[in-house]
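Working notes for the structure below.
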Amino acid sequence: MHFPHSRNSYIFTLMFARLLSLTLLIFLYSGLFAQEKFTIVKDLRAEWMTFQDGAYKPLGELPFTGLNTIYFGLEPHAFAGNFLRIESDKPYFLFVNGRVTGEYEGEVLLNIDSLSQKVNASSFWIALHQNKINERDLNSEVILMQAPLRREAENASRPYSHFRDFVVVSGLVIILLFLLALRLNPKLAADYFSISR
């Protein structure tokens, strides 16, 4: 006896199981390469200063609103081999020892060793100028770029990544889809995922 409906459901379940397997492989592959490519050595936000009444003052002593320029010092010999990372969604100007290096938007990475050779100074005085600086948007950090196969130290902290949440949620969705396939057609799912077959 021929049942066309069961054949269609067999084909659908088979295609669904293969699509589910492919999706799982893609998420596992992307999860392996979703790790951050750098480690934060120092967050420079605590070093931010403003120039007021002829002197530099830490921002902790002043209200932050209305500032257009922040300053911070950097010792290149203390961070040899690292990078200065500046990031903001709005355009900003970057000054090193009073000389403008350019106007940027988004992320900029400056090799501290190269910068030290160009500026030829034992210390840097860096200024970031932006129209109405938003402290939540502007980041300044010293980072260590990681080699492709380099493993992180056990206690090194990594910056938060929303992608890790995405991988966890997508993994749970895939597990749920596997369970759904097992509930809809357990014999076909068992045959499809059987190692001996």
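Residues are referred to by chain and number: the chain letter is A, B, ... according to the order shown in the structure tokens, the number counts from 1 in that chain, and ligands are numbered separately from 1 in the order shown.
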Could you pull the residues within 10 Å of A:Leu110, counting only C-alpha atoms, minus those fewer than 3 positions along the same chain, as JSON, numbers by chain?
{"A": [82, 83, 84, 85, 86, 113, 114, 115, 142, 143]}
Going by DSSP on the backbone, which residues of stretch 64-166 of chain A come out as strand (DSSP E)? List them as a PyMOL selection string.
chain A and resi 69-74+83-96+99-111+124-129+139-145
Tell me which protein, DNA and RNA residues are within 10 Å of A:Asn68, counting only C-alpha atoms, leaving out same-chain ones fewer than 6 positions away, and put them as a PyMOL selection string.
chain A and resi 50+92+128-134
Would you mind exporting all heavy atoms of the selected residues as a PDB file, in the first residue's frame?
ATOM      1  N   THR A  50      41.440  67.219  31.832  1.00  0.00           N
ATOM      2  CA  THR A  50      41.006  68.382  31.080  1.00  0.00           C
ATOM      3  C   THR A  50      41.910  69.550  31.433  1.00  0.00           C
ATOM      4  O   THR A  50      42.560  69.545  32.487  1.00  0.00           O
ATOM      5  CB  THR A  50      39.531  68.716  31.369  1.00  0.00           C
ATOM      6  OG1 THR A  50      39.117  69.771  30.511  1.00  0.00           O
ATOM      7  CG2 THR A  50      39.327  69.128  32.807  1.00  0.00           C
ATOM      8  N   TYR A  92      36.533  62.357  15.397  1.00  0.00           N
ATOM      9  CA  TYR A  92      37.387  62.949  16.430  1.00  0.00           C
ATOM     10  C   TYR A  92      38.772  63.235  15.841  1.00  0.00           C
ATOM     11  O   TYR A  92      39.198  62.613  14.875  1.00  0.00           O
ATOM     12  CB  TYR A  92      37.511  62.024  17.649  1.00  0.00           C
ATOM     13  CG  TYR A  92      38.018  60.644  17.353  1.00  0.00           C
ATOM     14  CD1 TYR A  92      39.373  60.326  17.436  1.00  0.00           C
ATOM     15  CD2 TYR A  92      37.143  59.629  16.963  1.00  0.00           C
ATOM     16  CE1 TYR A  92      39.839  59.058  17.157  1.00  0.00           C
ATOM     17  CE2 TYR A  92      37.605  58.359  16.686  1.00  0.00           C
ATOM     18  CZ  TYR A  92      38.952  58.076  16.781  1.00  0.00           C
ATOM     19  OH  TYR A  92      39.412  56.823  16.491  1.00  0.00           O
ATOM     20  N   LEU A 128      42.480  64.140  22.608  1.00  0.00           N
ATOM     21  CA  LEU A 128      41.377  63.737  21.736  1.00  0.00           C
ATOM     22  C   LEU A 128      40.363  64.872  21.731  1.00  0.00           C
ATOM     23  O   LEU A 128      39.855  65.257  22.789  1.00  0.00           O
ATOM     24  CB  LEU A 128      40.726  62.458  22.242  1.00  0.00           C
ATOM     25  CG  LEU A 128      41.593  61.212  22.219  1.00  0.00           C
ATOM     26  CD1 LEU A 128      40.913  60.067  22.951  1.00  0.00           C
ATOM     27  CD2 LEU A 128      41.899  60.805  20.792  1.00  0.00           C
ATOM     28  N   HIS A 129      40.095  65.397  20.542  1.00  0.00           N
ATOM     29  CA  HIS A 129      39.145  66.506  20.415  1.00  0.00           C
ATOM     30  C   HIS A 129      37.928  66.028  19.628  1.00  0.00           C
ATOM     31  O   HIS A 129      38.055  65.452  18.548  1.00  0.00           O
ATOM     32  CB  HIS A 129      39.797  67.695  19.699  1.00  0.00           C
ATOM     33  CG  HIS A 129      38.862  68.849  19.520  1.00  0.00           C
ATOM     34  ND1 HIS A 129      38.570  69.731  20.535  1.00  0.00           N
ATOM     35  CD2 HIS A 129      38.130  69.239  18.450  1.00  0.00           C
ATOM     36  CE1 HIS A 129      37.704  70.635  20.094  1.00  0.00           C
ATOM     37  NE2 HIS A 129      37.422  70.350  18.829  1.00  0.00           N
ATOM     38  N   GLN A 130      36.760  66.284  20.208  1.00  0.00           N
ATOM     39  CA  GLN A 130      35.511  65.843  19.596  1.00  0.00           C
ATOM     40  C   GLN A 130      34.414  66.786  20.057  1.00  0.00           C
ATOM     41  O   GLN A 130      34.444  67.285  21.189  1.00  0.00           O
ATOM     42  CB  GLN A 130      35.208  64.413  20.047  1.00  0.00           C
ATOM     43  CG  GLN A 130      34.023  63.769  19.397  1.00  0.00           C
ATOM     44  CD  GLN A 130      33.846  62.335  19.887  1.00  0.00           C
ATOM     45  OE1 GLN A 130      33.776  62.079  21.079  1.00  0.00           O
ATOM     46  NE2 GLN A 130      33.794  61.397  18.956  1.00  0.00           N
ATOM     47  N   ASN A 131      33.463  67.039  19.209  1.00  0.00           N
ATOM     48  CA  ASN A 131      32.349  67.908  19.583  1.00  0.00           C
ATOM     49  C   ASN A 131      31.474  67.204  20.617  1.00  0.00           C
ATOM     50  O   ASN A 131      30.884  66.175  20.333  1.00  0.00           O
ATOM     51  CB  ASN A 131      31.544  68.280  18.334  1.00  0.00           C
ATOM     52  CG  ASN A 131      30.462  69.298  18.619  1.00  0.00           C
ATOM     53  OD1 ASN A 131      30.550  70.035  19.601  1.00  0.00           O
ATOM     54  ND2 ASN A 131      29.456  69.331  17.776  1.00  0.00           N
ATOM     55  N   LYS A 132      31.417  67.761  21.834  1.00  0.00           N
ATOM     56  CA  LYS A 132      30.622  67.219  22.934  1.00  0.00           C
ATOM     57  C   LYS A 132      30.938  65.738  23.163  1.00  0.00           C
ATOM     58  O   LYS A 132      30.180  64.854  22.774  1.00  0.00           O
ATOM     59  CB  LYS A 132      29.134  67.419  22.689  1.00  0.00           C
ATOM     60  CG  LYS A 132      28.723  68.870  22.711  1.00  0.00           C
ATOM     61  CD  LYS A 132      27.235  69.033  22.515  1.00  0.00           C
ATOM     62  CE  LYS A 132      26.872  70.514  22.478  1.00  0.00           C
ATOM     63  NZ  LYS A 132      25.453  70.718  22.166  1.00  0.00           N
ATOM     64  N   ILE A 133      32.052  65.488  23.799  1.00  0.00           N
ATOM     65  CA  ILE A 133      32.507  64.120  24.061  1.00  0.00           C
ATOM     66  C   ILE A 133      31.491  63.376  24.927  1.00  0.00           C
ATOM     67  O   ILE A 133      31.016  63.900  25.930  1.00  0.00           O
ATOM     68  CB  ILE A 133      33.881  64.141  24.770  1.00  0.00           C
ATOM     69  CG1 ILE A 133      34.937  64.668  23.807  1.00  0.00           C
ATOM     70  CG2 ILE A 133      34.252  62.751  25.264  1.00  0.00           C
ATOM     71  CD1 ILE A 133      36.294  64.855  24.435  1.00  0.00           C
ATOM     72  N   ASN A 134      31.179  62.173  24.508  1.00  0.00           N
ATOM     73  CA  ASN A 134      30.317  61.282  25.278  1.00  0.00           C
ATOM     74  C   ASN A 134      31.213  60.187  25.856  1.00  0.00           C
ATOM     75  O   ASN A 134      31.782  59.387  25.117  1.00  0.00           O
ATOM     76  CB  ASN A 134      29.234  60.682  24.378  1.00  0.00           C
ATOM     77  CG  ASN A 134      28.310  59.745  25.111  1.00  0.00           C
ATOM     78  OD1 ASN A 134      28.536  59.385  26.270  1.00  0.00           O
ATOM     79  ND2 ASN A 134      27.257  59.330  24.432  1.00  0.00           N
TER      80      ASN A 134
END
Exercise: A:Ile112 partners within 12 Å, only C-alpha atoms, chain neighbours under 5 positions left out, as a ChimeraX atom specification:
/A:74-85,96,117-124,141-145
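Every protein, DNA or RNA residue with an atom at most 9 Å from A:Gly98, where only C-alpha atoms count and chain neighbours fewer than 3 positions away do not, is listed here: Phe95, Trp125, Ile126 and Ala127 of chain A.
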Given the selection you just returned, output its residues as a file containing C-alpha atoms, formatted as a PDB file, in the first residue's frame.
ATOM      1  CA  PHE A  95      46.882  64.968  18.710  1.00  0.00           C
ATOM      2  CA  TRP A 125      50.854  63.743  25.690  1.00  0.00           C
ATOM      3  CA  ILE A 126      47.771  62.690  23.753  1.00  0.00           C
ATOM      4  CA  ALA A 127      44.714  64.856  23.167  1.00  0.00           C
TER       5      ALA A 127
END
What is the atom CA of A:Gly171-atom CA of A:Ala17 distance in Å, reported with one decimal?
15.4 Å
Write down as number ranges by chain the residues of stretch 8-135 of chain A whose backbone DSSP state falls under alpha helix (DSSP H).
A: 8-32, 112-119
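With only C-alpha atoms taken into account, the protein and nucleic acid residues at most 12 Å from stretch 180-187 of chain A (excluding it and anything under 5 positions from it in its own chain) are Ser6, Ser9, Tyr10, Ile11, Phe12, Thr13, Leu14, Met15, Phe16, Ala17, Arg18, Leu19, Leu20, Ser21, Val173, Ile174, Ile175, Tyr192, Phe193 and Ser194 of chain A.
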For atom CA of A:Gly73 and atom CA of A:Asn139, determine how far apart the two atoms are, in Å to one decimal place.
14.9 Å
